[in-house]
$ cat query-v8.cif   # mmCIF, C-alpha atoms
data_upload
loop_
_atom_site.label_atom_id
_atom_site.label_comp_id
_atom_site.auth_asym_id
_atom_site.auth_seq_id
_atom_site.Cartn_x
_atom_site.Cartn_y
_atom_site.Cartn_z
CA MET A 1 44.75 57.47 -74.57
CA SER A 2 44.58 54.24 -76.58
CA ALA A 3 46.61 54.12 -79.79
CA ARG A 4 44.83 52.70 -82.84
CA LEU A 5 46.82 49.62 -83.85
CA GLY A 6 46.86 48.73 -87.55
CA ILE A 7 48.64 45.84 -89.26
CA ILE A 8 50.30 46.21 -92.69
CA GLY A 9 50.88 43.01 -94.66
CA GLY A 10 51.36 41.82 -98.22
CA TYR A 11 53.66 39.61 -100.24
CA LEU A 12 57.30 40.42 -101.04
CA GLY A 13 57.55 43.57 -103.16
CA SER A 14 53.92 44.61 -102.78
CA GLY A 15 54.75 48.14 -101.62
CA LYS A 16 54.63 47.85 -97.82
CA SER A 17 57.84 49.77 -97.16
CA THR A 18 56.81 52.49 -99.62
CA LEU A 19 53.54 52.81 -97.69
CA VAL A 20 55.44 52.99 -94.39
CA ASN A 21 57.63 55.78 -95.76
CA ARG A 22 54.53 57.79 -96.65
CA LEU A 23 53.09 57.24 -93.18
CA LEU A 24 56.29 58.45 -91.53
CA ALA A 25 55.99 61.62 -93.61
CA GLY A 26 52.89 62.44 -91.57
CA VAL A 27 50.00 61.24 -93.76
CA LEU A 28 47.85 60.32 -90.76
CA PRO A 29 46.56 62.90 -88.27
CA GLY A 30 48.10 62.87 -84.83
CA ARG A 31 51.21 61.07 -83.67
CA THR A 32 52.14 57.79 -85.40
CA ALA A 33 54.55 55.01 -84.45
CA VAL A 34 55.58 52.50 -87.10
CA VAL A 35 57.09 49.14 -86.16
CA VAL A 36 59.39 47.65 -88.81
CA ASN A 37 61.82 44.74 -89.01
CA ASP A 38 64.79 46.83 -90.09
CA PHE A 39 65.51 50.56 -90.33
CA GLY A 40 67.46 49.85 -93.53
CA SER A 41 64.30 49.75 -95.64
CA ILE A 42 62.98 53.08 -94.39
CA ASN A 43 63.97 56.35 -96.06
CA ILE A 44 64.46 58.71 -93.13
CA ASP A 45 66.03 62.09 -93.85
CA ALA A 46 68.66 62.94 -91.26
CA ASP A 47 67.26 66.45 -90.80
CA LEU A 48 63.92 64.97 -89.71
CA ILE A 49 65.42 63.02 -86.81
CA ALA A 50 64.79 64.69 -83.47
CA SER A 51 66.43 61.90 -81.44
CA ALA A 52 67.63 58.32 -81.86
CA SER A 53 68.17 55.75 -79.15
CA GLY A 54 68.68 52.03 -79.61
CA ASP A 55 65.79 50.66 -81.65
CA THR A 56 63.74 53.87 -81.69
CA ILE A 57 63.97 56.93 -83.95
CA GLU A 58 61.83 59.96 -83.12
CA LEU A 59 61.14 62.40 -85.94
CA SER A 60 60.58 66.13 -85.74
CA ASN A 61 57.06 65.72 -87.18
CA GLY A 62 56.06 63.65 -84.12
CA CYS A 63 56.26 60.25 -85.82
CA ILE A 64 58.22 57.39 -84.28
CA CYS A 65 59.91 54.47 -86.03
CA CYS A 66 60.68 51.36 -83.96
CA GLN A 67 62.84 48.47 -85.11
CA ILE A 68 62.07 44.96 -83.89
CA SER A 69 65.15 43.40 -82.31
CA ASP A 70 64.75 40.05 -80.58
CA ASP A 71 61.45 40.47 -78.79
CA ALA A 72 58.44 41.99 -80.51
CA SER A 73 56.32 41.70 -77.38
CA ARG A 74 58.67 44.04 -75.52
CA THR A 75 58.38 46.65 -78.28
CA MET A 76 54.59 46.35 -78.48
CA THR A 77 54.11 46.48 -74.71
CA ALA A 78 56.27 49.60 -74.49
CA LEU A 79 54.27 51.33 -77.24
CA ALA A 80 50.96 50.39 -75.61
CA ALA A 81 52.11 51.95 -72.34
CA ARG A 82 53.21 55.31 -73.80
CA GLY A 83 49.84 57.02 -73.80
CA ASP A 84 50.93 59.75 -76.24
CA LEU A 85 50.34 57.96 -79.56
CA ASP A 86 47.34 58.19 -81.87
CA HIS A 87 48.37 55.37 -84.24
CA VAL A 88 50.67 52.35 -84.06
CA LEU A 89 51.29 50.47 -87.32
CA CYS A 90 53.11 47.13 -87.59
CA GLU A 91 54.69 46.07 -90.87
CA VAL A 92 54.61 42.28 -91.28
CA SER A 93 57.31 40.55 -93.32
CA GLY A 94 56.57 39.63 -96.93
CA VAL A 95 56.03 35.96 -96.12
CA GLY A 96 54.26 36.61 -92.82
CA ASP A 97 50.58 36.22 -91.98
CA PRO A 98 49.13 39.61 -90.91
CA GLY A 99 46.23 37.85 -89.19
CA GLN A 100 48.60 36.44 -86.57
CA LEU A 101 49.52 39.89 -85.31
CA ALA A 102 45.92 41.10 -85.21
CA THR A 103 45.34 39.78 -81.68
CA TRP A 104 47.57 42.56 -80.38
CA ARG A 105 44.73 44.98 -81.13
CA ASP A 106 42.98 43.73 -77.98
CA PHE A 107 46.02 44.42 -75.78
CA PRO A 108 45.46 47.11 -73.11
CA GLY A 109 46.61 50.47 -74.48
CA PHE A 110 45.56 49.68 -78.06
CA SER A 111 42.29 50.01 -79.92
CA PRO A 112 41.61 48.10 -83.16
CA GLY A 113 42.79 49.57 -86.44
CA PRO A 114 42.49 47.68 -89.72
CA VAL A 115 44.47 44.72 -91.03
CA LEU A 116 45.67 46.22 -94.32
CA VAL A 117 47.17 44.03 -97.05
CA CYS A 118 49.02 45.55 -100.01
CA ALA A 119 48.55 43.90 -103.42
CA ASP A 120 50.72 44.78 -106.42
CA ALA A 121 48.42 45.57 -109.36
CA THR A 122 51.03 44.30 -111.82
CA SER A 123 51.60 40.88 -110.23
CA ILE A 124 48.82 39.85 -107.81
CA ARG A 125 46.95 37.69 -110.33
CA ARG A 126 50.10 35.78 -111.24
CA LEU A 127 51.06 35.35 -107.59
CA LEU A 128 47.66 33.96 -106.64
CA ARG A 129 48.00 31.36 -109.39
CA ASP A 130 51.59 30.46 -108.49
CA GLU A 131 51.95 26.85 -107.43
CA TYR A 132 54.38 27.62 -104.64
CA VAL A 133 53.61 31.09 -103.30
CA GLY A 134 49.89 31.28 -104.13
CA ASP A 135 48.91 29.78 -100.79
CA THR A 136 50.94 32.37 -98.89
CA VAL A 137 49.43 35.25 -100.89
CA ALA A 138 45.88 33.87 -100.55
CA ARG A 139 46.33 33.49 -96.78
CA GLN A 140 47.49 37.10 -96.47
CA LEU A 141 44.48 38.39 -98.45
CA ALA A 142 42.10 36.20 -96.47
CA ALA A 143 43.24 37.96 -93.29
CA ALA A 144 42.68 41.45 -94.75
CA GLU A 145 40.05 43.91 -93.63
CA VAL A 146 41.33 46.41 -96.19
CA VAL A 147 43.15 45.59 -99.44
CA LEU A 148 45.20 48.43 -100.95
CA VAL A 149 45.95 47.78 -104.63
CA THR A 150 49.38 49.37 -105.12
CA LYS A 151 51.59 50.31 -108.09
CA THR A 152 48.61 51.49 -110.13
CA ASP A 153 50.97 54.02 -111.70
CA LEU A 154 52.90 51.12 -113.25
CA ALA A 155 49.87 49.11 -114.35
CA LEU A 156 47.67 49.41 -117.40
CA PRO A 157 44.03 50.29 -116.63
CA THR A 158 43.00 46.76 -117.59
CA GLU A 159 45.67 45.32 -115.27
CA THR A 160 44.37 47.38 -112.37
CA GLU A 161 40.80 46.32 -113.09
CA ASP A 162 41.77 42.64 -113.27
CA ALA A 163 43.86 42.96 -110.09
CA ALA A 164 40.90 44.47 -108.27
CA LYS A 165 38.66 41.59 -109.35
CA ALA A 166 41.25 39.03 -108.20
CA CYS A 167 41.53 40.74 -104.80
CA GLN A 168 37.76 40.89 -104.40
CA SER A 169 37.56 37.17 -105.13
CA ALA A 170 40.38 36.30 -102.72
CA ALA A 171 39.24 38.74 -100.01
CA PRO A 172 35.46 39.21 -100.32
CA GLN A 173 35.32 40.33 -96.68
CA ALA A 174 37.69 43.26 -97.23
CA ARG A 175 37.21 46.83 -98.31
CA LEU A 176 39.05 47.39 -101.60
CA ILE A 177 40.96 50.63 -102.25
CA LEU A 178 42.84 51.43 -105.44
CA GLN A 179 45.96 53.50 -104.88
CA ASP A 180 45.68 56.99 -106.30
CA ALA A 181 48.37 57.05 -108.98
CA VAL A 182 48.77 60.84 -108.68
CA ASP A 183 48.59 61.26 -104.89
CA PRO A 184 49.14 57.87 -103.21
CA GLY A 185 49.24 59.50 -99.79
CA VAL A 186 45.48 60.12 -100.02
CA SER A 187 44.87 56.41 -100.58
CA ALA A 188 47.17 55.48 -97.70
CA ALA A 189 45.27 57.72 -95.29
CA GLU A 190 41.92 56.39 -96.53
CA ALA A 191 43.01 52.78 -96.15
CA LEU A 192 44.22 53.18 -92.59
CA ALA A 193 41.21 55.27 -91.55
CA ALA A 194 38.92 52.34 -92.43
CA PRO A 195 37.02 50.68 -89.58
CA ALA A 196 38.58 47.52 -88.22
CA ARG A 197 36.95 44.11 -88.31
CA GLU A 198 34.38 45.07 -90.92
CA ALA A 199 33.77 41.39 -91.58
CA GLY A 200 33.81 40.43 -87.93
CA GLY A 201 35.13 37.19 -86.48
CA ASP A 202 38.60 35.87 -85.86
CA VAL A 203 41.05 37.37 -88.35
CA ALA A 204 43.79 34.87 -87.57
CA GLY A 205 41.55 31.92 -88.34
CA ARG A 206 39.45 33.46 -91.10
CA ASP A 207 41.30 31.72 -93.93
CA ALA A 208 41.02 28.20 -92.53
CA GLY A 209 38.83 27.10 -95.42
CA ASN A 210 40.94 28.79 -98.10
CA ARG A 211 44.13 26.76 -97.80
CA ARG A 212 45.13 24.62 -100.73
CA PRO A 213 46.19 20.98 -100.45
CA GLY A 214 49.91 20.98 -99.71
CA GLY A 215 49.81 24.68 -98.91
CA ALA A 216 51.82 24.38 -95.71
CA LYS A 217 54.65 22.77 -97.65
CA HIS A 218 54.50 25.43 -100.35
CA ALA A 219 54.45 28.24 -97.79
CA GLU A 220 57.84 27.01 -96.59
CA ALA A 221 59.29 27.01 -100.11
CA HIS A 222 61.28 30.24 -99.81
CA ALA A 223 65.02 30.62 -99.42
CA SER A 224 67.18 33.70 -99.20
CA ALA A 225 70.79 34.70 -99.58
CA THR A 226 72.38 37.91 -98.36
CA LEU A 227 75.02 39.28 -100.72
CA GLU A 228 77.44 41.39 -98.68
CA CYS A 229 78.81 44.32 -100.73
CA PRO A 230 81.43 46.11 -98.63
CA ASP A 231 83.17 47.76 -101.61
CA PRO A 232 81.84 50.26 -104.19
CA VAL A 233 80.11 48.62 -107.15
CA ASP A 234 79.17 49.41 -110.73
CA VAL A 235 75.47 50.03 -110.05
CA GLU A 236 74.46 49.86 -113.72
CA ALA A 237 76.22 46.50 -114.19
CA LEU A 238 74.66 45.20 -110.98
CA THR A 239 71.14 46.11 -112.10
CA ARG A 240 71.71 44.43 -115.47
CA ALA A 241 72.95 41.29 -113.75
CA LEU A 242 70.02 41.37 -111.35
CA ALA A 243 67.55 41.76 -114.23
CA ALA A 244 69.03 38.62 -115.77
CA GLN A 245 68.04 36.76 -112.59
CA SER A 246 64.45 38.04 -112.53
CA GLY A 247 63.15 34.68 -113.70
CA SER A 248 64.73 32.94 -110.71
CA LEU A 249 64.06 35.44 -107.90
CA VAL A 250 60.76 36.63 -106.46
CA ARG A 251 62.40 39.54 -104.64
CA ALA A 252 65.69 41.34 -104.17
CA LYS A 253 66.34 44.42 -102.11
CA GLY A 254 69.33 46.22 -100.70
CA ILE A 255 71.58 49.24 -100.53
CA VAL A 256 74.99 49.49 -102.23
CA ARG A 257 77.58 52.22 -102.76
CA GLY A 258 78.47 53.28 -106.29
CA TYR A 259 81.94 54.19 -107.50
CA ALA A 260 81.18 57.89 -107.03
CA GLY A 261 80.44 57.27 -103.34
CA THR A 262 76.66 57.67 -103.68
CA TRP A 263 74.43 55.13 -101.95
CA HIS A 264 71.82 53.44 -104.14
CA GLU A 265 68.70 51.47 -103.26
CA VAL A 266 68.47 48.46 -105.58
CA GLN A 267 65.26 46.44 -105.84
CA LEU A 268 63.71 43.65 -107.87
CA ALA A 269 59.94 43.22 -107.51
CA GLY A 270 57.35 41.87 -109.92
CA GLY A 271 60.11 41.12 -112.45
CA ARG A 272 61.20 44.79 -112.54
CA VAL A 273 64.58 46.09 -111.39
CA ASP A 274 64.97 49.61 -110.05
CA ALA A 275 68.02 51.46 -108.75
CA ARG A 276 67.69 54.89 -107.16
CA ALA A 277 70.33 57.14 -105.65
CA ARG A 278 69.69 58.00 -102.01
CA SER A 279 69.71 61.60 -100.86
CA LYS A 280 72.79 62.69 -98.93
CA ASP A 281 70.43 63.60 -96.10
CA GLN A 282 69.17 60.04 -95.67
CA LEU A 283 70.65 57.71 -93.10
CA SER A 284 73.64 55.68 -94.28
CA PRO A 285 73.07 51.93 -94.16
CA GLY A 286 74.76 50.00 -91.39
CA ARG A 287 75.77 47.24 -93.79
CA PRO A 288 75.83 47.44 -97.60
CA ALA A 289 74.12 44.27 -98.80
CA LEU A 290 71.57 42.85 -101.20
CA VAL A 291 69.00 40.28 -100.01
CA LEU A 292 67.91 37.76 -102.66
CA ILE A 293 64.78 35.60 -102.30
CA ALA A 294 63.60 32.65 -104.38
CA ALA A 295 60.52 30.47 -104.09
CA GLY A 296 59.58 26.94 -105.09
CA PRO A 297 60.97 23.46 -104.49
CA ASP A 298 64.34 24.49 -105.95
CA SER A 299 64.49 27.81 -104.10
CA GLY A 300 67.77 26.96 -102.41
CA ARG A 301 69.51 26.13 -105.67
CA LEU A 302 68.00 29.12 -107.47
CA VAL A 303 69.10 31.64 -104.87
CA ARG A 304 72.59 30.13 -104.66
CA GLU A 305 73.00 30.35 -108.43
CA ALA A 306 71.69 33.92 -108.47
CA ALA A 307 74.10 34.95 -105.72
CA ALA A 308 77.01 33.32 -107.55
CA ALA A 309 76.05 35.14 -110.77
CA LEU A 310 75.89 38.49 -109.00
CA GLU A 311 79.10 38.21 -106.99
CA PRO A 312 81.43 39.18 -109.88
CA VAL A 313 79.66 42.56 -110.31
CA ALA A 314 79.05 43.21 -106.61
CA GLY A 315 82.60 44.12 -105.68
CA ARG A 316 84.38 42.10 -102.98
CA ALA A 317 81.13 40.29 -102.29
CA SER A 318 80.31 37.17 -100.34
CA HIS A 319 76.95 35.55 -99.68
CA ARG A 320 75.31 33.58 -96.91
CA MET A 321 72.20 31.44 -97.17
CA SER A 322 69.18 31.23 -94.91
CA ALA A 323 65.85 29.45 -95.06
CA ILE A 324 62.66 31.40 -94.53
CA PRO A 325 60.53 29.52 -92.00
CA ARG A 326 56.79 29.42 -92.19
CA PRO A 327 55.21 31.98 -89.84
CA ASN A 328 54.30 30.86 -86.32
CA ALA A 329 51.00 29.16 -85.64
CA PRO A 330 48.07 31.58 -85.29
CA GLY A 331 47.78 33.28 -81.95
CA GLY A 332 49.88 36.38 -82.39
CA ARG A 333 51.36 36.88 -78.95
CA GLY A 334 52.78 33.50 -78.03
CA GLY A 335 56.44 32.66 -77.54
CA ASP A 336 58.75 35.55 -78.25
CA GLY A 337 55.97 37.67 -79.72
CA ARG A 338 57.42 37.78 -83.23
CA ALA A 339 54.37 36.18 -84.86
CA GLY A 340 54.13 37.21 -88.47
CA LEU A 341 57.01 39.66 -88.32
CA GLY A 342 59.27 37.18 -90.07
CA ILE A 343 62.92 37.76 -90.94
CA ARG A 344 64.56 41.18 -91.04
CA GLY A 345 64.94 42.78 -94.41
CA LEU A 346 62.49 40.54 -96.28
CA ARG A 347 59.64 42.59 -97.63
#

$ encode --input "query-v8.cif" --output "C-alpha cells"
Amino acid sequence: MSARLGIIGGYLGSGKSTLVNRLLAGVLPGRTAVVVNDFGSINIDADLIASASGDTIELSNGCICCQISDDASRTMTALAARGDLDHVLCEVSGVGDPGQLATWRDFPGFSPGPVLVCADATSIRRLLRDEYVGDTVARQLAAAEVVLVTKTDLALPTETEDAAKACQSAAPQARLILQDAVDPGVSAAEALAAPAREAGGDVAGRDAGNRRPGGAKHAEAHASATLECPDPVDVEALTRALAAQSGSLVRAKGIVRGYAGTWHEVQLAGGRVDARARSKDQLSPGRPALVLIAAGPDSGRLVREAAAALEPVAGRASHRMSAIPRPNAPGGRGGDGRAGLGIRGLR
C-alpha cells in the first residue's frame, strides 16, 4: 500500500503546528504519520500514547508522530517502507520552502498528496508586503497546491476576504480554502483531501519568475535566540515583557513552568501573545525554553536585545544565538535529505 504524502508549509506562526495537532487527533481517515522537527510543539496527551521509541511516538488512535533527528531521508525511507500507512504528512519549518520537499512524493512507497501552505488571515497581506520576509512568504505560496487561510476566528470578515484575495494573487495555481472558524477540523480534512499537482509542473521550480530582486539576501535575514528557562517563571510578567517586544520579533514560541508548577505554552505570532496552561496529561517538555525570531537586516541585534529584555523575567535564564540559513537549493532529496525542514522548533 502506498501512503499519500502531503507537505505542510507556511511562514512562522501561520498555524502549521495547530493543524498538525488536529491531524494527530484523527481528522483524516485511515492511519496517519506526521513528520515534525520537534515533538515539543505537538500537544500529545500521555493517555493517547500506545508506545514511544526514539524518534517515533505511536498513538492509540493509529496515528504516528515522527521527529526528524539528523537525517530526514532515513525517516522518510523508513515511512515509505512500512506499508501500513494511509497518509504521511511532513511539516516544513516556518522559513522553509515546501516545494523542495515535494519531490519525495515520487519516492517508491508514496503517492502524491497536496503541497498545503497555511496563511494567517490576520497577517498574510502585511507579510507579503514586508521588505525582508515577503520574498520567503511569496515563495512558499508559489509552491502551494492548496492554500489554507487560518485564524479566521481571530480575523474580521473583511480581513479574511482581503487575505483570500492576497493569497489568490500570490498563488493563482492553488485551491483556496478558508478555515471553518467553528469546526477547523473539517477544513483541515478538506484541504488534505485535495488532489495533488492541480496546476501541474515542477512544484520546486514553479516560483522561479516570482522572486524579487535581492530576494535571496532577504530570505537569509532571519536570526534566532533560544532563551533557556530552567526555573519557574512569572508567566504573566513574561507575556507582558514578550508583548513589549512584538515590534521587534516575528515569532516566539516555547514552553515554561509557572510558579505553581504548571507548564505553559507561550507564543507570539502576528503581533499577538498567547499563554496557555498545558494539561497534566500532556507530555512534559524535555527542555523549558523560549525561541525568539527576528527578521530584517538588523535581525541579529533585534533578537539579542529582545532576549536581554526578557531574561530578567524568565527566571535563571540564559540565551544563545543562531542564524537561520536559507533553505537548501531545490531538489528535495539531496545531501542529508533535510531540504525545507529547516531548524528545529522554528514554526

$ residues_around --input "query-v8.cif" --residues "segment 178-195 of chain A" --least-positions-apart "2" --cutoff "10 Å" --atoms "only C-alpha atoms" --output "mmCIF file with C-alpha atoms, in the coordinates of the input"
data_model
loop_
_atom_site.group_PDB
_atom_site.id
_atom_site.type_symbol
_atom_site.label_atom_id
_atom_site.label_comp_id
_atom_site.auth_asym_id
_atom_site.auth_seq_id
_atom_site.Cartn_x
_atom_site.Cartn_y
_atom_site.Cartn_z
ATOM 1 C CA ARG A 4 44.830 52.700 -82.840
ATOM 2 C CA LEU A 5 46.820 49.620 -83.850
ATOM 3 C CA GLY A 6 46.860 48.730 -87.550
ATOM 4 C CA ILE A 7 48.640 45.840 -89.260
ATOM 5 C CA ILE A 8 50.300 46.210 -92.690
ATOM 6 C CA LEU A 19 53.540 52.810 -97.690
ATOM 7 C CA VAL A 20 55.440 52.990 -94.390
ATOM 8 C CA ARG A 22 54.530 57.790 -96.650
ATOM 9 C CA LEU A 23 53.090 57.240 -93.180
ATOM 10 C CA ALA A 25 55.990 61.620 -93.610
ATOM 11 C CA GLY A 26 52.890 62.440 -91.570
ATOM 12 C CA VAL A 27 50.000 61.240 -93.760
ATOM 13 C CA LEU A 28 47.850 60.320 -90.760
ATOM 14 C CA PRO A 29 46.560 62.900 -88.270
ATOM 15 C CA HIS A 87 48.370 55.370 -84.240
ATOM 16 C CA LEU A 89 51.290 50.470 -87.320
ATOM 17 C CA PRO A 112 41.610 48.100 -83.160
ATOM 18 C CA GLY A 113 42.790 49.570 -86.440
ATOM 19 C CA PRO A 114 42.490 47.680 -89.720
ATOM 20 C CA VAL A 115 44.470 44.720 -91.030
ATOM 21 C CA LEU A 116 45.670 46.220 -94.320
ATOM 22 C CA VAL A 117 47.170 44.030 -97.050
ATOM 23 C CA CYS A 118 49.020 45.550 -100.010
ATOM 24 C CA ALA A 119 48.550 43.900 -103.420
ATOM 25 C CA ALA A 121 48.420 45.570 -109.360
ATOM 26 C CA GLU A 145 40.050 43.910 -93.630
ATOM 27 C CA VAL A 146 41.330 46.410 -96.190
ATOM 28 C CA VAL A 147 43.150 45.590 -99.440
ATOM 29 C CA LEU A 148 45.200 48.430 -100.950
ATOM 30 C CA VAL A 149 45.950 47.780 -104.630
ATOM 31 C CA THR A 150 49.380 49.370 -105.120
ATOM 32 C CA LYS A 151 51.590 50.310 -108.090
ATOM 33 C CA THR A 152 48.610 51.490 -110.130
ATOM 34 C CA ASP A 153 50.970 54.020 -111.700
ATOM 35 C CA LEU A 154 52.900 51.120 -113.250
ATOM 36 C CA ALA A 155 49.870 49.110 -114.350
ATOM 37 C CA THR A 160 44.370 47.380 -112.370
ATOM 38 C CA GLU A 161 40.800 46.320 -113.090
ATOM 39 C CA ALA A 163 43.860 42.960 -110.090
ATOM 40 C CA ALA A 164 40.900 44.470 -108.270
ATOM 41 C CA ARG A 175 37.210 46.830 -98.310
ATOM 42 C CA LEU A 176 39.050 47.390 -101.600
ATOM 43 C CA ARG A 197 36.950 44.110 -88.310
ATOM 44 C CA GLU A 198 34.380 45.070 -90.920
#

$ resolve_selection --input "query-v8.cif" --expression "the PyMOL selection byres ((chain A and resi 302-316) around 12)" --output "PDB file with C-alpha atoms, keeping the file's coordinate frame"
ATOM      1  CA  ALA A 221      59.290  27.010-100.110  1.00  0.00           C
ATOM      2  CA  HIS A 222      61.280  30.240 -99.810  1.00  0.00           C
ATOM      3  CA  ALA A 223      65.020  30.620 -99.420  1.00  0.00           C
ATOM      4  CA  SER A 224      67.180  33.700 -99.200  1.00  0.00           C
ATOM      5  CA  ALA A 225      70.790  34.700 -99.580  1.00  0.00           C
ATOM      6  CA  THR A 226      72.380  37.910 -98.360  1.00  0.00           C
ATOM      7  CA  LEU A 227      75.020  39.280-100.720  1.00  0.00           C
ATOM      8  CA  GLU A 228      77.440  41.390 -98.680  1.00  0.00           C
ATOM      9  CA  CYS A 229      78.810  44.320-100.730  1.00  0.00           C
ATOM     10  CA  PRO A 230      81.430  46.110 -98.630  1.00  0.00           C
ATOM     11  CA  ASP A 231      83.170  47.760-101.610  1.00  0.00           C
ATOM     12  CA  PRO A 232      81.840  50.260-104.190  1.00  0.00           C
ATOM     13  CA  VAL A 233      80.110  48.620-107.150  1.00  0.00           C
ATOM     14  CA  ASP A 234      79.170  49.410-110.730  1.00  0.00           C
ATOM     15  CA  VAL A 235      75.470  50.030-110.050  1.00  0.00           C
ATOM     16  CA  GLU A 236      74.460  49.860-113.720  1.00  0.00           C
ATOM     17  CA  ALA A 237      76.220  46.500-114.190  1.00  0.00           C
ATOM     18  CA  LEU A 238      74.660  45.200-110.980  1.00  0.00           C
ATOM     19  CA  THR A 239      71.140  46.110-112.100  1.00  0.00           C
ATOM     20  CA  ARG A 240      71.710  44.430-115.470  1.00  0.00           C
ATOM     21  CA  ALA A 241      72.950  41.290-113.750  1.00  0.00           C
ATOM     22  CA  LEU A 242      70.020  41.370-111.350  1.00  0.00           C
ATOM     23  CA  ALA A 243      67.550  41.760-114.230  1.00  0.00           C
ATOM     24  CA  ALA A 244      69.030  38.620-115.770  1.00  0.00           C
ATOM     25  CA  GLN A 245      68.040  36.760-112.590  1.00  0.00           C
ATOM     26  CA  SER A 246      64.450  38.040-112.530  1.00  0.00           C
ATOM     27  CA  GLY A 247      63.150  34.680-113.700  1.00  0.00           C
ATOM     28  CA  SER A 248      64.730  32.940-110.710  1.00  0.00           C
ATOM     29  CA  LEU A 249      64.060  35.440-107.900  1.00  0.00           C
ATOM     30  CA  VAL A 250      60.760  36.630-106.460  1.00  0.00           C
ATOM     31  CA  ARG A 251      62.400  39.540-104.640  1.00  0.00           C
ATOM     32  CA  ALA A 252      65.690  41.340-104.170  1.00  0.00           C
ATOM     33  CA  GLY A 254      69.330  46.220-100.700  1.00  0.00           C
ATOM     34  CA  ILE A 255      71.580  49.240-100.530  1.00  0.00           C
ATOM     35  CA  VAL A 256      74.990  49.490-102.230  1.00  0.00           C
ATOM     36  CA  ARG A 257      77.580  52.220-102.760  1.00  0.00           C
ATOM     37  CA  GLY A 258      78.470  53.280-106.290  1.00  0.00           C
ATOM     38  CA  TYR A 259      81.940  54.190-107.500  1.00  0.00           C
ATOM     39  CA  VAL A 266      68.470  48.460-105.580  1.00  0.00           C
ATOM     40  CA  PRO A 288      75.830  47.440 -97.600  1.00  0.00           C
ATOM     41  CA  ALA A 289      74.120  44.270 -98.800  1.00  0.00           C
ATOM     42  CA  LEU A 290      71.570  42.850-101.200  1.00  0.00           C
ATOM     43  CA  VAL A 291      69.000  40.280-100.010  1.00  0.00           C
ATOM     44  CA  LEU A 292      67.910  37.760-102.660  1.00  0.00           C
ATOM     45  CA  ILE A 293      64.780  35.600-102.300  1.00  0.00           C
ATOM     46  CA  ALA A 294      63.600  32.650-104.380  1.00  0.00           C
ATOM     47  CA  ALA A 295      60.520  30.470-104.090  1.00  0.00           C
ATOM     48  CA  GLY A 296      59.580  26.940-105.090  1.00  0.00           C
ATOM     49  CA  PRO A 297      60.970  23.460-104.490  1.00  0.00           C
ATOM     50  CA  ASP A 298      64.340  24.490-105.950  1.00  0.00           C
ATOM     51  CA  SER A 299      64.490  27.810-104.100  1.00  0.00           C
ATOM     52  CA  GLY A 300      67.770  26.960-102.410  1.00  0.00           C
ATOM     53  CA  ARG A 301      69.510  26.130-105.670  1.00  0.00           C
ATOM     54  CA  ALA A 317      81.130  40.290-102.290  1.00  0.00           C
ATOM     55  CA  SER A 318      80.310  37.170-100.340  1.00  0.00           C
ATOM     56  CA  HIS A 319      76.950  35.550 -99.680  1.00  0.00           C
ATOM     57  CA  ARG A 320      75.310  33.580 -96.910  1.00  0.00           C
ATOM     58  CA  MET A 321      72.200  31.440 -97.170  1.00  0.00           C
ATOM     59  CA  SER A 322      69.180  31.230 -94.910  1.00  0.00           C
ATOM     60  CA  ALA A 323      65.850  29.450 -95.060  1.00  0.00           C
TER      61      ALA A 323
END

$ atom_distance --input "query-v8.cif" --atom1 "atom CA of Ala102 of chain A" --atom2 "atom CA of Ala143 of chain A"
9.1 Å

$ residues_around --input "query-v8.cif" --residues "Ser111 of chain A" --least-positions-apart "5" --cutoff "10 Å" --atoms "all atoms listed in the file" --output "PyMOL selection string"
chain A and resi 1-6+80+86-88+104-106+196

$ closest_residue --input "query-v8.cif" --among "A:Arg31, A:Ser123, A:Gly134, A:Gly99" --to "Gly83 of chain A" --atoms "all atoms listed in the file"
A:Arg31

$ atom_distance --input "query-v8.cif" --atom1 "atom CA of Arg287 of chain A" --atom2 "atom CA of Ser14 of chain A"
23.8 Å

$ atom_distance --input "query-v8.cif" --atom1 "atom CA of Phe107 of chain A" --atom2 "atom CA of Ile177 of chain A"
27.7 Å

$ closest_residue --input "query-v8.cif" --among "A:Thr136, A:Thr103, A:Ser279, A:Ser93" --to "Gly13 of chain A" --atoms "all atoms listed in the file"
A:Ser93

$ closest_residue --input "query-v8.cif" --among "A:Pro108, A:Lys253, A:Tyr11, A:Thr18" --to "Val133 of chain A" --atoms "only C-alpha atoms"
A:Tyr11

$ closest_residue --input "query-v8.cif" --among "A:Ala142, A:Thr122, A:Trp263, A:Thr32" --to "Leu79 of chain A" --atoms "only C-alpha atoms"
A:Thr32
